[in-house]
>>> print(open('data.cif').read())   # mmCIF, C-alpha atoms and all ligand atoms
data_structure
loop_
_atom_site.label_atom_id
_atom_site.label_comp_id
_atom_site.auth_asym_id
_atom_site.auth_seq_id
_atom_site.Cartn_x
_atom_site.Cartn_y
_atom_site.Cartn_z
CA MET W 1486 0.00 0.00 0.00
CA GLU W 1487 2.71 2.43 1.02
CA GLU W 1488 4.63 1.74 -2.20
CA LYS W 1489 1.51 2.46 -4.19
CA MET W 1490 1.00 5.73 -2.36
CA LYS W 1491 4.62 6.70 -2.88
CA ALA W 1492 4.31 6.05 -6.57
CA ALA W 1493 1.24 8.27 -6.75
CA LEU W 1494 3.12 11.22 -5.24
CA LYS W 1495 4.85 12.33 -8.39
CA TYR W 1496 7.68 14.83 -8.02
CA ASP W 1497 6.13 17.06 -10.68
CA LYS W 1498 3.23 17.78 -8.38
CA ALA W 1499 5.56 20.20 -6.62
CA LEU W 1500 4.87 23.39 -8.51
CA LEU W 1501 7.93 25.50 -8.08
CA GLN W 1502 10.08 24.30 -10.93
CA SER W 1503 11.03 27.46 -12.72
CA LYS W 1504 12.66 30.80 -12.04
CA GLU W 1505 9.73 32.42 -13.82
CA LEU W 1506 7.30 31.00 -11.31
CA TYR W 1507 9.41 32.22 -8.40
CA GLN W 1508 9.62 35.66 -10.01
CA TYR W 1509 5.86 35.60 -10.46
CA ILE W 1510 5.36 35.02 -6.72
CA LEU W 1511 7.78 37.83 -5.87
CA ASP W 1512 6.23 40.31 -8.30
CA THR W 1513 2.60 39.47 -7.58
CA SER W 1514 2.46 38.77 -3.87
CA VAL W 1515 5.73 39.61 -2.16
CA TYR W 1516 7.21 42.90 -3.41
CA PRO W 1517 3.93 44.84 -3.48
CA ASN W 1518 3.37 43.94 0.18
CA GLU W 1519 6.91 44.24 1.50
CA PRO W 1520 7.10 47.03 4.10
CA GLU W 1521 9.26 49.98 2.99
CA PRO W 1522 11.88 49.56 5.75
CA LEU W 1523 12.46 45.96 4.64
CA LYS W 1524 12.90 47.02 1.03
CA GLU W 1525 15.39 49.62 2.22
CA LEU W 1526 17.25 47.04 4.27
CA ARG W 1527 17.56 44.78 1.25
CA GLU W 1528 18.99 47.68 -0.75
CA VAL W 1529 21.47 48.54 2.00
CA SER W 1530 22.51 44.89 2.30
CA ALA W 1531 23.02 44.47 -1.45
CA SER W 1532 26.50 46.00 -1.18
CA HIS W 1533 27.59 43.49 1.48
CA PRO W 1534 29.91 40.86 -0.06
CA ARG W 1535 27.71 38.13 1.44
CA TYR W 1536 24.41 39.82 0.56
CA TRP W 1537 22.95 36.42 -0.40
CA MET W 1538 22.86 35.41 3.27
CA GLY W 1539 19.84 37.62 3.97
CA THR W 1540 16.43 36.03 4.43
CA GLU W 1541 14.53 35.90 1.13
CA PRO W 1542 11.53 38.25 1.10
CA ASP W 1543 9.05 35.48 0.31
CA ALA W 1544 10.34 33.49 3.28
CA GLY W 1545 10.04 36.71 5.28
CA GLN W 1546 6.40 36.91 4.36
CA LEU W 1547 5.82 33.46 5.80
CA LEU W 1548 7.75 34.41 8.92
CA ALA W 1549 5.61 37.52 9.42
CA ILE W 1550 2.34 35.65 9.14
CA ILE W 1551 3.54 33.02 11.60
CA LEU W 1552 4.63 35.66 14.11
CA LYS W 1553 1.22 37.31 13.84
CA LEU W 1554 -0.68 34.05 14.24
CA LEU W 1555 1.41 33.16 17.26
CA ASN W 1556 0.96 36.59 18.78
CA ALA W 1557 4.67 36.41 19.41
CA LYS W 1558 6.04 38.90 21.90
CA ARG W 1559 9.34 37.52 23.17
CA THR W 1560 11.61 36.03 20.53
CA ILE W 1561 15.17 34.85 20.00
CA GLU W 1562 17.09 35.22 16.79
CA ILE W 1563 20.30 33.30 16.22
CA GLY W 1564 22.13 34.78 13.22
CA VAL W 1565 21.24 38.42 12.51
CA PHE W 1566 23.55 39.44 9.65
CA THR W 1567 22.33 42.85 8.40
CA GLY W 1568 18.98 42.31 10.08
CA TYR W 1569 16.31 41.48 7.49
CA SER W 1570 14.50 38.89 9.61
CA LEU W 1571 15.25 40.93 12.73
CA LEU W 1572 13.64 44.08 11.35
CA LEU W 1573 10.75 42.03 10.02
CA THR W 1574 10.21 40.55 13.49
CA ALA W 1575 10.52 43.95 15.15
CA LEU W 1576 7.93 45.39 12.75
CA THR W 1577 5.55 42.51 13.46
CA ILE W 1578 5.62 42.01 17.24
CA PRO W 1579 3.81 44.46 19.56
CA GLU W 1580 5.27 47.71 20.93
CA ASP W 1581 6.36 46.05 24.18
CA GLY W 1582 7.77 42.96 22.45
CA LYS W 1583 11.46 42.01 22.73
CA ILE W 1584 13.88 40.20 20.47
CA ILE W 1585 17.12 38.78 21.78
CA ALA W 1586 19.24 38.94 18.66
CA ILE W 1587 22.56 37.14 18.68
CA ASP W 1588 25.41 37.38 16.19
CA VAL W 1589 29.19 37.40 16.27
CA ASP W 1590 29.26 39.89 13.39
CA HIS W 1591 28.58 43.30 14.86
CA LYS W 1592 29.66 45.02 11.65
CA ALA W 1593 26.94 43.43 9.52
CA TYR W 1594 24.34 44.40 12.12
CA GLU W 1595 25.60 47.99 12.07
CA MET W 1596 25.02 48.11 8.35
CA GLY W 1597 21.29 47.59 8.85
CA LEU W 1598 20.98 49.46 12.17
CA PRO W 1599 20.21 52.92 10.70
CA THR W 1600 17.25 51.39 8.85
CA ILE W 1601 16.05 49.67 12.03
CA LYS W 1602 16.32 53.00 13.89
CA LYS W 1603 14.56 54.87 11.11
CA ALA W 1604 11.70 52.36 11.25
CA GLY W 1605 11.28 53.25 14.93
CA VAL W 1606 11.60 49.71 16.26
CA GLU W 1607 15.11 49.67 17.76
CA HIS W 1608 13.67 49.62 21.30
CA LYS W 1609 12.39 46.09 20.65
CA VAL W 1610 15.85 44.80 19.77
CA ASP W 1611 18.39 43.57 22.25
CA PHE W 1612 21.42 42.85 20.05
CA ILE W 1613 24.08 40.72 21.68
CA ASP W 1614 27.48 40.42 20.07
CA SER W 1615 28.30 36.85 21.06
CA GLU W 1616 28.65 33.27 20.04
CA ALA W 1617 25.13 31.90 20.27
CA LEU W 1618 25.76 28.81 22.37
CA PRO W 1619 27.26 30.43 25.51
CA LEU W 1620 24.58 33.09 25.31
CA LEU W 1621 21.82 30.48 25.28
CA GLU W 1622 23.49 28.83 28.27
CA ASP W 1623 23.50 32.19 30.07
CA LEU W 1624 19.80 32.63 29.32
CA MET W 1625 19.09 29.17 30.71
CA GLU W 1626 20.86 29.93 33.97
CA ASN W 1627 18.06 32.32 34.80
CA LEU W 1628 15.14 30.01 35.45
CA ASP W 1629 12.69 32.80 34.67
CA ASN W 1630 13.66 32.39 31.03
CA GLU W 1631 12.56 28.78 30.86
CA GLY W 1632 9.53 28.46 28.57
CA SER W 1633 9.34 32.24 28.36
CA PHE W 1634 9.87 32.77 24.63
CA ASP W 1635 7.16 32.49 22.00
CA PHE W 1636 9.39 32.08 19.00
CA ALA W 1637 12.96 31.53 17.83
CA PHE W 1638 14.52 31.87 14.41
CA VAL W 1639 17.77 30.02 13.77
CA TYR W 1640 20.00 30.89 10.87
CA ALA W 1641 23.62 30.46 11.90
CA ASP W 1642 26.33 27.81 12.14
CA LYS W 1643 24.90 24.45 11.11
CA VAL W 1644 27.34 22.51 13.26
CA ASN W 1645 25.39 23.64 16.33
CA TYR W 1646 21.81 23.26 15.07
CA LEU W 1647 21.14 20.19 17.18
CA ILE W 1648 22.49 21.80 20.33
CA TYR W 1649 20.50 24.95 19.61
CA HIS W 1650 17.44 22.75 19.22
CA GLU W 1651 18.04 21.14 22.59
CA ARG W 1652 18.45 24.51 24.33
CA LEU W 1653 15.58 26.19 22.53
CA MET W 1654 13.20 23.41 23.49
CA LYS W 1655 13.73 24.60 27.07
CA LEU W 1656 13.59 28.34 26.39
CA VAL W 1657 10.61 28.39 24.04
CA LYS W 1658 7.23 27.71 25.59
CA VAL W 1659 5.15 24.64 24.81
CA GLY W 1660 3.05 25.64 21.80
CA GLY W 1661 5.69 28.16 20.68
CA LEU W 1662 7.60 27.80 17.44
CA VAL W 1663 11.19 27.50 16.33
CA ILE W 1664 12.11 27.95 12.69
CA TYR W 1665 15.38 26.54 11.38
CA ASP W 1666 16.55 28.07 8.15
CA ASN W 1667 18.71 26.64 5.35
CA THR W 1668 17.57 23.11 5.99
CA LEU W 1669 17.64 22.20 2.29
CA TRP W 1670 21.13 23.69 1.86
CA ARG W 1671 20.68 24.73 -1.76
CA GLY W 1672 19.20 21.33 -2.55
CA THR W 1673 22.44 19.52 -1.71
CA VAL W 1674 20.75 17.38 0.96
CA ALA W 1675 19.17 15.37 -1.87
CA MET W 1676 22.32 15.14 -4.01
CA PRO W 1677 24.96 12.41 -3.92
CA GLU W 1678 28.04 13.62 -2.07
CA HIS W 1679 30.30 13.50 -5.14
CA ALA W 1680 28.02 15.91 -7.00
CA VAL W 1681 28.29 18.56 -4.28
CA GLY W 1682 30.86 21.38 -4.38
CA GLU W 1683 33.51 21.42 -1.63
CA ASN W 1684 31.95 24.48 0.02
CA TYR W 1685 28.69 22.66 0.58
CA LYS W 1686 29.89 19.21 1.68
CA GLU W 1687 30.17 19.90 5.40
CA GLY W 1688 26.83 21.74 5.64
CA ARG W 1689 25.12 19.03 3.59
CA LYS W 1690 26.29 16.34 5.99
CA LEU W 1691 25.25 18.32 9.06
CA LEU W 1692 21.84 19.19 7.68
CA ILE W 1693 21.08 15.64 6.56
CA GLU W 1694 21.76 14.57 10.13
CA PHE W 1695 19.72 17.45 11.57
CA ASN W 1696 16.77 16.85 9.23
CA HIS W 1697 16.74 13.16 10.09
CA LEU W 1698 16.83 13.71 13.83
CA ILE W 1699 14.24 16.44 13.92
CA ALA W 1700 11.88 14.46 11.69
CA ASN W 1701 12.10 11.63 14.21
CA ASP W 1702 11.87 13.73 17.35
CA GLY W 1703 8.56 12.70 18.87
CA HIS W 1704 8.41 15.86 21.02
CA VAL W 1705 7.87 18.21 18.12
CA GLN W 1706 5.54 18.68 15.19
CA ILE W 1707 7.28 19.89 12.06
CA CYS W 1708 6.66 21.26 8.60
CA HIS W 1709 9.62 21.20 6.24
CA ALA W 1710 8.75 24.08 3.93
CA SER W 1711 10.57 24.37 0.61
CA ILE W 1712 10.68 28.14 0.80
CA GLY W 1713 13.89 30.15 0.72
CA ASP W 1714 16.71 27.71 1.29
CA GLY W 1715 14.39 25.35 3.17
CA MET W 1716 12.71 26.25 6.43
CA THR W 1717 11.81 23.71 9.08
CA ILE W 1718 8.97 25.03 11.18
CA CYS W 1719 8.94 23.25 14.47
CA ARG W 1720 6.26 23.37 17.13
N1 LIG W 1801 18.73 36.07 9.58
C1 LIG W 1801 19.66 36.86 8.81
C2 LIG W 1801 20.70 36.01 8.11
C3 LIG W 1801 21.71 35.39 9.04
S1 LIG W 1801 23.16 34.87 8.19
C4 LIG W 1801 18.90 37.71 7.80
O1 LIG W 1801 17.67 37.65 7.73
O2 LIG W 1801 19.55 38.45 7.07
C5 LIG W 1801 24.00 33.99 9.40
C6 LIG W 1801 24.62 34.83 10.51
O3 LIG W 1801 24.97 33.92 11.55
C7 LIG W 1801 25.90 35.57 10.12
O4 LIG W 1801 25.75 36.96 10.28
C8 LIG W 1801 26.97 35.02 11.09
O5 LIG W 1801 27.84 36.00 11.62
C9 LIG W 1801 26.10 34.42 12.21
N2 LIG W 1801 26.73 33.34 12.97
C10 LIG W 1801 27.37 32.25 12.45
N3 LIG W 1801 27.79 31.45 13.44
C11 LIG W 1801 27.41 32.02 14.62
C12 LIG W 1801 27.55 31.67 16.00
N4 LIG W 1801 28.18 30.54 16.38
N5 LIG W 1801 27.03 32.48 16.93
C13 LIG W 1801 26.39 33.62 16.57
N6 LIG W 1801 26.23 34.01 15.28
C14 LIG W 1801 26.74 33.23 14.32
#
>>> encode(input="data.cif", output="structure tokens")
Amino acid sequence: MEEKMKAALKYDKALLQSKELYQYILDTSVYPNEPEPLKELREVSASHPRYWMGTEPDAGQLLAIILKLLNAKRTIEIGVFTGYSLLLTALTIPEDGKIIAIDVDHKAYEMGLPTIKKAGVEHKVDFIDSEALPLLEDLMENLDNEGSFDFAFVYADKVNYLIYHERLMKLVKVGGLVIYDNTLWRGTVAMPEHAVGENYKEGRKLLIEFNHLIANDGHVQICHASIGDGMTICR
């Protein structure tokens, strides 16, 4: 029976198979609705040598709707870069909301900071220039933080994703969400190792392991969305 069902799920049922279709989504639904400050932040970030690291605006749209549905107020962001997802979160959560935003790259954050200030949401951001793991450990030392966050967005070093998951399961409340980004790693997770460029090999291996473990973690409900570079939404 299962084999029959597998056979019926043809790969071509997945719609997004052309650049034109992606462009169509951006032009029709994403760009016309993207808040001005986020557009500005994308422009500012375009001159960064690693501009491609920023969250894609269509993925941002999904993030925003999730934050709204959750009524998220206290959030954690691991991996800020120039701040696209950070600004998006700050624009979405309420006036008295707070984001603990962690990144080792203060310079990239400073590139986006004037736009965050101009948008009038800097007071919601607590940027911490630190390695994420020790910072999460610090947060956990204060028992008041346990189960106190509504949401976390993880987009940083893949080698620590599983440890972040473990820590975040304690910090984020039951019924809250964690989103892990880059979980399809430019599609390399489904490629044979020999076909993958050197730069992607390590990440591919780590993400295959992460995807497997999280898919089999009975404590969480997941949705592996093929948006952006792959986003695993985890409840
Ligand atoms: N969410 C961002 C993109 C983050 S890119 C956006 O929407 O634009 C990944 C970031 O993770 C980089 O800025 C990098 O400095 C940071 N990073 C990588 N490893 C880290 C670590 N161990 N601790 C904290 N930040 C880290």
>>> closest_residue(input="data.cif", among="W:Thr1540, W:Thr1717, W:Asn1701, W:Thr1574", to="ligand LIG 1801 (chain W)", atoms="all atoms listed in the file")
W:Thr1540
>>> axis_aligned_box(input="data.cif", around="ligand LIG 1801 (chain W)", padding_each_side="4 Å", output="JSON")
{"center_x": 22.9, "center_y": 34.5, "center_z": 12.0, "size_x": 18.5, "size_y": 15.9, "size_z": 17.9}
>>> residues_around(input="data.cif", residues="range 1575-1581 of chain W", least_positions_apart="6", cutoff="9 Å", atoms="all atoms listed in the file", output="MDAnalysis selection string")
chainID W and resid 1520 1549:1550 1552:1553 1556:1559 1601 1604:1610
>>> residues_around(input="data.cif", residues="range 1638-1640 of chain W", least_positions_apart="2", cutoff="6 Å", atoms="all atoms listed in the file", output="PyMOL selection string")
chain W and resi 1562-1564+1663-1666
>>> residues_near_point(input="data.cif", point="(20.6, 34.1, 15.8)", cutoff="10 Å", atoms="all atoms listed in the file", output="MDAnalysis selection string")
chainID W and resid 1561:1566 1570:1571 1585:1589 1612:1613 1615:1618 1637:1642 1649
>>> residues_around(input="data.cif", residues="range 1684-1700 of chain W", least_positions_apart="3", cutoff="12 Å", atoms="only C-alpha atoms", output="VMD selection string")
chain W and resid 1641 to 1651 1654 1663 to 1681 1703 to 1709 1714 to 1720
>>> closest_residue(input="data.cif", among="W:Leu1547, W:Pro1522, W:Asn1627, W:Asp1614", to="Ser1711 in chain W", atoms="only C-alpha atoms")
W:Leu1547
>>> atom_distance(input="data.cif", atom1="CA of Val1659 in chain W", atom2="atom O1 of ligand LIG 1801 (chain W)")
24.9 Å
>>> closest_residue(input="data.cif", among="W:Gly1582, W:Gly1661, W:Ser1530, W:Arg1652", to="ligand LIG 1801 (chain W)", atoms="all atoms listed in the file")
W:Ser1530
>>> closest_residue(input="data.cif", among="W:Ile1510, W:Ala1544, W:Val1515, W:Leu1501", to="ligand LIG 1801 (chain W)", atoms="only C-alpha atoms and all ligand atoms")
W:Ala1544
